[in-house]
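One file, model17.cif, is given below (mmCIF, C-alpha atoms and all ligand atoms).
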data_my_file
loop_
_atom_site.label_atom_id
_atom_site.label_comp_id
_atom_site.auth_asym_id
_atom_site.auth_seq_id
_atom_site.Cartn_x
_atom_site.Cartn_y
_atom_site.Cartn_z
CA MET A 1 -0.83 143.64 14.71
CA ASN A 2 -0.68 142.17 18.22
CA PRO A 3 2.05 143.29 20.66
CA MET A 4 4.01 140.06 20.19
CA GLU A 5 4.18 140.58 16.43
CA ALA A 6 5.10 144.23 16.92
CA VAL A 7 8.07 143.25 19.12
CA GLY A 8 8.94 140.49 16.63
CA ARG A 9 9.06 143.12 13.84
CA VAL A 10 11.37 145.31 15.92
CA ALA A 11 13.56 142.26 16.56
CA ASP A 12 13.67 141.59 12.81
CA SER A 13 14.70 145.17 12.13
CA LEU A 14 17.51 144.79 14.70
CA ALA A 15 18.90 141.78 12.78
CA CYS A 16 17.86 139.31 15.47
CA THR A 17 16.76 135.76 14.66
CA VAL A 18 13.05 135.56 15.33
CA SER A 19 10.69 132.62 15.62
CA TYR A 20 7.15 132.17 16.87
CA GLN A 21 5.83 129.14 18.73
CA GLU A 22 9.36 127.87 19.26
CA PRO A 23 9.36 124.46 21.03
CA MET A 24 11.21 125.02 24.30
CA GLN A 25 12.00 121.33 24.63
CA SER A 26 14.70 122.01 22.04
CA HIS A 27 16.24 124.62 24.33
CA THR A 28 16.34 122.77 27.65
CA THR A 29 18.58 119.94 28.81
CA PHE A 30 15.46 118.26 30.29
CA LYS A 31 14.00 118.13 26.72
CA ILE A 32 10.71 119.32 28.22
CA GLY A 33 8.58 122.38 27.49
CA GLY A 34 5.87 123.67 25.19
CA PRO A 35 6.25 126.56 22.75
CA SER A 36 7.27 130.13 23.58
CA ASP A 37 5.14 132.85 21.94
CA LEU A 38 8.20 134.64 20.62
CA PHE A 39 11.82 133.44 20.63
CA VAL A 40 14.53 135.95 19.79
CA LYS A 41 18.25 135.39 19.37
CA VAL A 42 19.99 138.70 19.93
CA GLN A 43 23.53 139.44 18.75
CA ASN A 44 24.68 142.64 20.40
CA GLN A 45 24.05 145.21 23.11
CA SER A 46 22.44 147.85 20.91
CA ALA A 47 19.93 145.33 19.53
CA LEU A 48 19.27 144.08 23.07
CA SER A 49 18.59 147.60 24.27
CA GLY A 50 16.20 148.28 21.36
CA LEU A 51 14.40 145.02 21.98
CA LEU A 52 13.92 145.56 25.71
CA LYS A 53 12.58 149.06 25.08
CA ALA A 54 10.12 147.72 22.48
CA ALA A 55 8.97 144.97 24.88
CA ASP A 56 8.48 147.59 27.60
CA GLU A 57 6.48 149.84 25.26
CA MET A 58 4.28 147.00 24.01
CA GLN A 59 4.01 145.50 27.52
CA VAL A 60 5.33 142.14 26.37
CA ARG A 61 6.80 140.11 29.23
CA TRP A 62 10.20 138.55 28.63
CA GLN A 63 12.79 136.27 30.15
CA VAL A 64 16.34 135.24 29.26
CA ILE A 65 17.51 131.72 28.70
CA GLY A 66 21.05 130.38 28.70
CA LYS A 67 21.48 126.69 27.88
CA GLY A 68 18.24 125.86 29.68
CA SER A 69 20.16 123.51 31.98
CA ASN A 70 18.44 124.60 35.18
CA LEU A 71 14.95 125.06 33.77
CA LEU A 72 11.69 123.16 33.86
CA VAL A 73 9.49 124.74 31.20
CA ASP A 74 5.71 124.39 31.46
CA ASP A 75 3.93 122.02 29.07
CA GLN A 76 1.94 125.01 27.80
CA GLY A 77 5.21 126.76 27.06
CA ILE A 78 6.22 130.34 27.83
CA ARG A 79 4.00 133.37 27.33
CA GLY A 80 5.81 136.40 26.04
CA MET A 81 9.33 136.67 24.66
CA VAL A 82 12.27 134.37 25.38
CA LEU A 83 15.67 135.93 24.73
CA GLU A 84 18.79 134.00 23.87
CA LEU A 85 22.12 135.80 23.68
CA SER A 86 24.63 135.03 20.92
CA GLY A 87 27.05 136.90 18.60
CA GLU A 88 28.98 139.53 20.55
CA PHE A 89 27.83 137.96 23.83
CA SER A 90 29.89 134.87 23.00
CA GLN A 91 33.26 136.62 23.12
CA ILE A 92 36.04 135.78 25.58
CA GLN A 93 39.17 137.77 26.14
CA ARG A 94 42.07 137.72 28.55
CA VAL A 95 42.56 141.00 30.36
CA GLY A 96 45.83 141.87 32.05
CA GLU A 97 47.78 139.12 33.76
CA ASN A 98 45.08 136.88 35.17
CA GLN A 99 41.61 138.15 34.36
CA ILE A 100 39.07 137.02 31.78
CA LEU A 101 36.27 139.18 30.40
CA CYS A 102 33.55 137.00 28.92
CA GLY A 103 30.15 137.47 27.37
CA ALA A 104 27.13 135.96 29.11
CA ALA A 105 26.44 133.55 26.24
CA VAL A 106 29.83 131.83 26.54
CA SER A 107 29.40 128.21 27.60
CA LEU A 108 31.21 127.19 30.77
CA ALA A 109 32.92 124.44 28.74
CA ALA A 110 34.37 126.97 26.26
CA LEU A 111 35.36 129.25 29.12
CA CYS A 112 37.13 126.44 31.00
CA TRP A 113 39.10 125.45 27.88
CA PHE A 114 40.02 129.09 27.24
CA ALA A 115 41.34 129.45 30.79
CA GLN A 116 43.21 126.16 30.51
CA LYS A 117 44.97 127.22 27.29
CA GLU A 118 45.82 130.59 28.84
CA GLY A 119 47.30 128.87 31.91
CA LEU A 120 44.73 130.34 34.30
CA THR A 121 43.46 128.22 37.16
CA GLY A 122 40.37 128.50 39.39
CA LEU A 123 37.62 127.57 36.93
CA GLU A 124 38.13 123.81 36.87
CA PHE A 125 35.17 123.26 39.22
CA ALA A 126 32.83 124.57 36.51
CA TYR A 127 33.93 122.05 33.90
CA GLY A 128 30.98 119.79 33.16
CA ILE A 129 28.30 122.25 34.34
CA PRO A 130 26.33 122.49 31.09
CA GLY A 131 25.35 126.18 31.33
CA THR A 132 26.40 129.61 30.13
CA VAL A 133 28.31 132.30 32.00
CA GLY A 134 25.06 134.30 32.35
CA GLY A 135 23.22 131.35 33.88
CA ALA A 136 26.17 130.52 36.14
CA VAL A 137 26.39 134.09 37.48
CA PHE A 138 22.59 134.25 37.95
CA MET A 139 22.65 130.94 39.88
CA ASN A 140 26.08 131.36 41.51
CA ALA A 141 26.75 127.91 40.10
CA GLY A 142 29.19 125.77 42.01
CA ALA A 143 30.63 122.29 42.38
CA TYR A 144 33.51 120.36 43.91
CA GLY A 145 34.27 122.91 46.62
CA SER A 146 34.09 126.13 44.62
CA GLU A 147 31.54 128.46 43.09
CA MET A 148 31.31 131.48 40.79
CA LYS A 149 31.54 133.77 43.83
CA ASN A 150 35.19 132.78 44.28
CA ILE A 151 36.26 133.94 40.83
CA LEU A 152 33.92 136.81 39.95
CA LEU A 153 35.26 140.34 40.11
CA SER A 154 32.23 142.04 38.59
CA GLY A 155 29.22 141.49 36.36
CA THR A 156 27.50 143.80 33.90
CA HIS A 157 23.79 143.67 33.21
CA MET A 158 21.23 145.58 31.17
CA THR A 159 18.09 146.80 32.87
CA ALA A 160 14.66 146.76 31.23
CA ASP A 161 15.10 150.36 30.04
CA GLY A 162 18.33 149.49 28.19
CA THR A 163 20.79 150.90 30.77
CA LEU A 164 24.07 149.06 31.43
CA VAL A 165 25.03 148.60 35.09
CA THR A 166 28.19 147.00 36.51
CA LEU A 167 28.09 145.40 39.95
CA THR A 168 31.11 144.36 42.00
CA ARG A 169 31.21 140.86 43.45
CA ASP A 170 30.00 142.18 46.83
CA GLU A 171 27.10 143.99 45.22
CA MET A 172 26.05 140.76 43.47
CA ASP A 173 25.16 139.33 46.92
CA LEU A 174 26.33 135.84 46.02
CA SER A 175 25.59 132.92 48.29
CA TYR A 176 24.67 129.25 47.82
CA ARG A 177 22.79 129.16 44.44
CA HIS A 178 21.75 132.76 44.96
CA SER A 179 22.58 136.14 43.40
CA THR A 180 21.01 139.57 43.50
CA TYR A 181 19.88 139.05 39.89
CA GLN A 182 17.23 136.53 40.93
CA GLY A 183 13.80 138.11 40.94
CA ARG A 184 15.04 141.13 38.94
CA GLN A 185 14.13 141.91 35.34
CA VAL A 186 17.67 142.22 33.96
CA VAL A 187 19.92 140.63 31.35
CA ILE A 188 23.44 139.80 32.48
CA VAL A 189 25.65 140.64 29.50
CA SER A 190 29.19 139.94 30.70
CA ALA A 191 31.36 138.97 33.64
CA LEU A 192 34.91 139.77 34.68
CA LEU A 193 36.71 136.88 36.33
CA GLN A 194 39.83 136.86 38.44
CA LEU A 195 41.90 133.68 38.16
CA THR A 196 45.37 132.61 39.21
CA LEU A 197 48.36 131.71 37.06
CA GLY A 198 48.74 127.94 36.69
CA ARG A 199 50.23 125.24 34.51
CA PRO A 200 48.03 124.25 31.54
CA GLU A 201 48.75 120.52 31.86
CA GLU A 202 47.82 120.50 35.57
CA ILE A 203 44.65 122.49 34.88
CA ARG A 204 43.71 120.06 32.14
CA SER A 205 44.22 117.07 34.37
CA ARG A 206 42.04 118.61 37.12
CA MET A 207 39.31 119.29 34.52
CA GLU A 208 39.47 115.71 33.29
CA ASP A 209 39.38 114.38 36.84
CA ILE A 210 36.27 116.44 37.66
CA LEU A 211 34.52 115.35 34.47
CA GLN A 212 35.28 111.71 35.25
CA ARG A 213 33.81 112.13 38.75
CA ARG A 214 30.66 113.56 37.17
CA LYS A 215 30.45 110.69 34.68
CA ASP A 216 30.87 108.14 37.47
CA LYS A 217 28.16 109.62 39.69
CA GLN A 218 25.68 111.49 37.49
CA PRO A 219 23.22 110.19 34.86
CA LEU A 220 24.74 112.28 32.08
CA GLU A 221 23.41 109.90 29.42
CA GLN A 222 19.80 110.95 30.13
CA PRO A 223 18.12 114.37 29.84
CA SER A 224 17.88 116.20 33.19
CA ALA A 225 18.33 119.62 34.74
CA GLY A 226 21.01 118.50 37.21
CA SER A 227 20.33 118.49 40.94
CA VAL A 228 16.63 119.08 41.46
CA PHE A 229 16.92 120.28 45.06
CA LYS A 230 19.22 122.61 46.94
CA ARG A 231 21.46 121.05 49.54
CA PRO A 232 19.55 121.20 52.84
CA GLN A 233 21.61 122.39 55.82
CA GLY A 234 23.58 119.45 57.20
CA HIS A 235 22.35 116.93 54.61
CA PHE A 236 22.64 115.90 50.98
CA ALA A 237 19.34 115.84 49.09
CA GLY A 238 20.33 112.77 47.06
CA THR A 239 21.22 110.76 50.18
CA LEU A 240 17.91 111.62 51.89
CA ILE A 241 15.94 110.67 48.76
CA GLU A 242 17.83 107.40 48.45
CA GLN A 243 17.30 106.61 52.16
CA CYS A 244 13.56 107.02 51.59
CA GLY A 245 13.70 104.29 48.94
CA LEU A 246 12.79 106.65 46.11
CA LYS A 247 15.53 105.72 43.63
CA GLY A 248 13.84 104.61 40.42
CA ARG A 249 10.44 106.03 41.50
CA ALA A 250 8.63 107.28 38.36
CA VAL A 251 5.68 109.42 37.38
CA GLY A 252 4.99 109.14 33.65
CA GLY A 253 8.29 109.67 31.85
CA ALA A 254 9.99 111.31 34.85
CA MET A 255 12.09 109.12 37.14
CA VAL A 256 14.34 109.57 40.16
CA SER A 257 17.65 108.53 38.66
CA PRO A 258 18.75 105.08 39.85
CA LYS A 259 22.34 106.34 39.47
CA HIS A 260 21.98 109.58 41.51
CA ALA A 261 18.84 110.16 43.56
CA GLY A 262 19.35 113.94 43.47
CA PHE A 263 18.55 113.93 39.76
CA ILE A 264 15.20 113.46 38.01
CA VAL A 265 15.71 112.13 34.49
CA ASN A 266 13.47 112.23 31.46
CA THR A 267 13.23 108.60 30.39
CA GLY A 268 11.35 109.60 27.23
CA GLY A 269 8.32 111.81 26.72
CA ALA A 270 8.27 113.20 30.26
CA THR A 271 6.03 116.23 30.71
CA CYS A 272 6.52 119.16 33.04
CA ARG A 273 3.47 117.85 34.95
CA ASP A 274 5.19 114.47 35.43
CA VAL A 275 8.27 116.17 36.89
CA LEU A 276 6.24 118.45 39.18
CA ASP A 277 4.19 115.51 40.44
CA LEU A 278 7.35 113.50 41.10
CA ILE A 279 8.91 116.47 42.91
CA ALA A 280 5.79 116.63 45.14
CA VAL A 281 6.07 112.89 45.93
CA ILE A 282 9.76 113.31 46.83
CA GLN A 283 9.19 116.40 48.99
CA GLN A 284 6.29 114.82 50.88
CA THR A 285 8.06 111.51 51.45
CA VAL A 286 11.35 113.06 52.57
CA LYS A 287 9.55 115.48 54.90
CA LYS A 288 7.47 112.68 56.43
CA GLU A 289 10.33 110.23 56.87
CA THR A 290 13.21 112.53 57.80
CA GLY A 291 11.61 115.84 58.79
CA VAL A 292 13.73 117.70 56.20
CA SER A 293 12.11 120.12 53.72
CA LEU A 294 13.61 120.01 50.23
CA GLU A 295 13.66 123.27 48.28
CA CYS A 296 13.86 123.21 44.49
CA GLU A 297 17.05 124.39 42.81
CA ILE A 298 15.63 124.02 39.30
CA LYS A 299 13.45 126.87 38.11
CA ALA A 300 9.94 126.17 36.82
CA VAL A 301 9.05 128.75 34.16
CA LYS A 302 6.05 129.54 32.00
C1 LIG B 1 23.86 117.31 34.08
C2 LIG B 1 23.80 118.63 34.81
C3 LIG B 1 24.74 118.88 35.81
C4 LIG B 1 24.69 120.08 36.52
N1 LIG B 1 25.63 120.32 37.47
C5 LIG B 1 25.61 121.48 38.17
C6 LIG B 1 26.59 121.76 39.17
O1 LIG B 1 27.50 120.96 39.43
N2 LIG B 1 26.51 122.94 39.83
C7 LIG B 1 25.54 123.85 39.57
O2 LIG B 1 25.52 124.92 40.19
N3 LIG B 1 24.60 123.62 38.61
C8 LIG B 1 24.61 122.47 37.91
N4 LIG B 1 23.66 122.23 36.96
C9 LIG B 1 22.58 123.22 36.74
C10 LIG B 1 22.86 124.29 35.65
O3 LIG B 1 23.76 123.80 34.68
C11 LIG B 1 23.40 125.58 36.26
O4 LIG B 1 22.44 126.16 37.15
C12 LIG B 1 23.76 126.63 35.19
O5 LIG B 1 24.44 127.69 35.82
C13 LIG B 1 22.55 127.17 34.44
O6 LIG B 1 23.02 127.89 33.31
P1 LIG B 1 22.15 128.06 31.97
O7 LIG B 1 22.91 128.91 31.05
O8 LIG B 1 21.74 126.73 31.45
O9 LIG B 1 20.89 128.83 32.55
P2 LIG B 1 19.34 128.53 32.28
O10 LIG B 1 19.00 127.18 32.84
O11 LIG B 1 19.01 128.79 30.87
O12 LIG B 1 18.69 129.64 33.18
C14 LIG B 1 18.77 129.55 34.59
C15 LIG B 1 18.31 130.89 35.18
O13 LIG B 1 19.28 131.86 34.84
C16 LIG B 1 18.68 132.96 34.15
N5 LIG B 1 19.64 133.45 33.17
C17 LIG B 1 20.35 132.73 32.28
N6 LIG B 1 21.12 133.54 31.54
C18 LIG B 1 20.88 134.80 31.99
C19 LIG B 1 21.38 136.09 31.62
N7 LIG B 1 22.28 136.24 30.65
N8 LIG B 1 20.91 137.15 32.27
C20 LIG B 1 19.97 137.02 33.26
N9 LIG B 1 19.49 135.84 33.65
C21 LIG B 1 19.94 134.74 33.02
C22 LIG B 1 17.44 132.39 33.51
O14 LIG B 1 16.47 133.39 33.27
C23 LIG B 1 16.99 131.37 34.56
O15 LIG B 1 16.23 131.99 35.57
C24 LIG B 1 23.69 121.04 36.23
C25 LIG B 1 22.74 120.78 35.21
C26 LIG B 1 22.80 119.57 34.51
C27 LIG B 1 21.80 119.33 33.43
#
In C-alpha cells, what does this structure look like?
Ligand SMILES: Cc1cc2nc3c(=O)[nH]c(=O)nc-3n(C[C@H](O)[C@H](O)[C@H](O)COP(=O)(O)OP(=O)(O)OC[C@H]3O[C@@H](n4cnc5c(N)ncnc54)[C@H](O)[C@@H]3O)c2cc1C
Amino acid sequence: MNPMEAVGRVADSLACTVSYQEPMQSHTTFKIGGPSDLFVKVQNQSALSGLLKAADEMQVRWQVIGKGSNLLVDDQGIRGMVLELSGEFSQIQRVGENQILCGAAVSLAALCWFAQKEGLTGLEFAYGIPGTVGGAVFMNAGAYGSEMKNILLSGTHMTADGTLVTLTRDEMDLSYRHSTYQGRQVVIVSALLQLTLGRPEEIRSRMEDILQRRKDKQPLEQPSAGSVFKRPQGHFAGTLIEQCGLKGRAVGGAMVSPKHAGFIVNTGGATCRDVLDLIAVIQQTVKKETGVSLECEIKAVK
C-alpha cells in the first residue's frame, strides 16, 4: 500500500469522506485545476488530529482548502492530501452579548446572515466575499474599508502534530492580506469575533448595498478568483491595468475582465498555464509602462 492509500484508509476509519484523483476545478471558483491525489472531507477535531498525525507518519504532504476562492490550482493538480473542513467546523454560535464563535468551514455569507439576524454589526464588509471563515482569517480578507483584523478577537488552529493553539488578534500579526498563518503548516479550526450591537434592518440594508456595489463593478457572472493582485502602495491594480490598455486581453481561455481590470476571468476552458501567462503579460506591461510592480494576491498551488 502506498503512503497516500495508507492515509486514505486512516481517513476512512475516522469517518471522513475520501476520494482519490478529485478534480480540483470542482473546488475552486476559477473552475481551474487538475486532480488532487487524495481529497478528504473531515468532520471534527479528533478526526482532524488523527489524520494530521497519519499524514506526518506517512510523510504525505497536505494543504487545506476553504471555498477555493483565492486559489489557482495547477493543471497537473495537487500532490498529496487536500483537506476540506465540514461537520462540526460549520457551527456558529453567539457568545455573550456581542461575540460570535464560528467554525473555520462557515461561509462568510452564512456568517453575515447569522450576525444580521442576531443584530450584530461589523461584518457587513465581508458580505459577497465568497470564502470561508478559515480562508478569510488566513488571508485577513477585507473590503469596503474594513477587514477581518477589525473584528477578530482570537483564532484557534491545529498544528501538524494535532495540538490546538489559540492566538489573540495581536499574535495573528494581521495586516493587508497577511496573517501569521501564511507559510505555516496549520489548520485554522475556529475564530472568535467581536461585533457591535446594531439594528437588523440597518445591517441588512448595508449588506444589500455592498452586494449591489459588487454586482455593479465585478464580473460575478464569470468564474474568477477575485482580485488577482494586491493593491500596490498609492495605486489601484485595476486602474493601472486598465490604463495600460489591457482590459479584454486574453491568453487561451483566460481574460482580463472588460468589466473590472483587476480580475482575470475564465471565459471557458482556461488552464492554469493560461492564467499564469496572462499574469506575466500584465506584470511586465504594467512595470514597463508605469514602473509599478504588481504582486499576486491569488495563491498558485500544486
Ligand atoms: C468574486 C470574488 C470576489 C472576492 N472579493 C474579495 C474581497 O473583496 N476581499 C478579499 O479579501 N478577498 C476577496 N476574494 C478572494 C477570496 O474570496 C478571499 O481571499 C477568501 O478569504 C478566501 O477564502 P476561501 O475559503 O475560499 O480560501 P481558499 O481560497 O480555499 O484558500 C485560500 C488560502 O487560505 C488557506 N486556508 C483556507 N482555509 C484554511 C484553514 N481552515 N486553515 C488554514 N488555512 C486555510 C488555504 O490553504 C489557502 O492558502 C474574492 C474572490 C472572488 C472569487
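With all atoms listed in the file as the basis for measurement, A:Glu221 is the residue among A:Asp173, A:Glu221, A:Asp161, A:Glu57 that approaches ligand LIG 1 (chain B) most closely.
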Using all atoms listed in the file, which residues sit within 7 Å of Gly262 in chain A once same-chain residues fewer than 5 positions away are excluded, as a PDB file with C-alpha atoms, keeping the file's coordinate frame?
ATOM      1  CA  SER A 227      20.330 118.490  40.940  1.00  0.00           C
ATOM      2  CA  VAL A 228      16.630 119.080  41.460  1.00  0.00           C
ATOM      3  CA  PHE A 229      16.920 120.280  45.060  1.00  0.00           C
ATOM      4  CA  ALA A 237      19.340 115.840  49.090  1.00  0.00           C
ATOM      5  CA  GLY A 238      20.330 112.770  47.060  1.00  0.00           C
TER       6      GLY A 238
END
Legend entry - Nearby polymer residues, ligand LIG 1 (chain B), at most 6 Å, all atoms listed in the file, as number ranges by chain: A: 29, 63-71, 104, 129-132, 134-136, 138-139, 141-143, 186-189, 220, 224-226
Inset, instruction - Find the residue from A:Lys230, A:Arg9, A:Arg61, A:Arg79 that sits nearest to Asp37 in chain A; use only C-alpha atoms when measuring. - result: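 Of the candidates, the smallest distance to Asp37 in chain A is held by A:Arg79.
The space separating CA of Arg184 in chain A from CA of Met172 in chain A comes to 11.9 Å.
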Inset, instruction - Would you please work out which residue, of A:Ile298, A:Ala110, A:Met255, A:Ala160, is nearest to Gly50 in chain A when using all atoms listed in the file? - result: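 Ranking A:Ile298, A:Ala110, A:Met255, A:Ala160 by distance to Gly50 in chain A, first place goes to A:Ala160.
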Inset, instruction - Measuring atom to atom with all atoms listed in the file, identify which of A:Ile279, A:His178, A:Lys53, A:Val40 is nearest to Val256 in chain A. - result: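 For Val256 in chain A, the nearest of the candidates is A:Ile279.
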Inset, instruction - Between CA of Gly162 in chain A and CA of Asn44 in chain A, measure the distance and give it in Å to one decimal. - result: 12.2 Å
Inset, instruction - Please measure the separation of CA of Glu297 in chain A and CA of Leu192 in chain A, giving the value in Å to one decimal. - result: 24.9 Å
Inset, instruction - Using only C-alpha atoms, pick whichever of A:Gly96, A:Gly183, A:Gly145, A:Pro223 has the shortest atom-to-atom distance to Lys299 in chain A. - result: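 So, comparing all the options, the nearest one is A:Gly183.
Minimum atom-to-atom distances from A:Thr168, A:Ser154, A:Thr196, A:Thr180 to Leu120 in chain A were compared using only C-alpha atoms, and the lowest value belongs to A:Thr196.
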Distance table requested - range 35-94 of chain A against range 267-272 of chain A, cut-off 8 Å, all atoms listed in the file: one row per qualifying residue with the closest atom pair and its distance in Å to one decimal, ordered by chain and rising residue number, as a Markdown table.
| residue | atom | partner | partner_atom | distance |
| --- | --- | --- | --- | --- |
| A:Leu72 | CA | A:Cys272 | CA | 6.6 |
| A:Val73 | CA | A:Cys272 | CA | 6.6 |
| A:Asp74 | CA | A:Cys272 | CA | 5.5 |
| A:Asp75 | CA | A:Cys272 | CA | 5.5 |
Inset, instruction - Find the spatial neighbours of Ala47 in chain A, counting only C-alpha atoms, within a cut-off of 9 Å - ignore same-chain residues fewer than 4 positions away - and output them as a ChimeraX atom specification. - result: /A:11,14-16,42-43,51-52
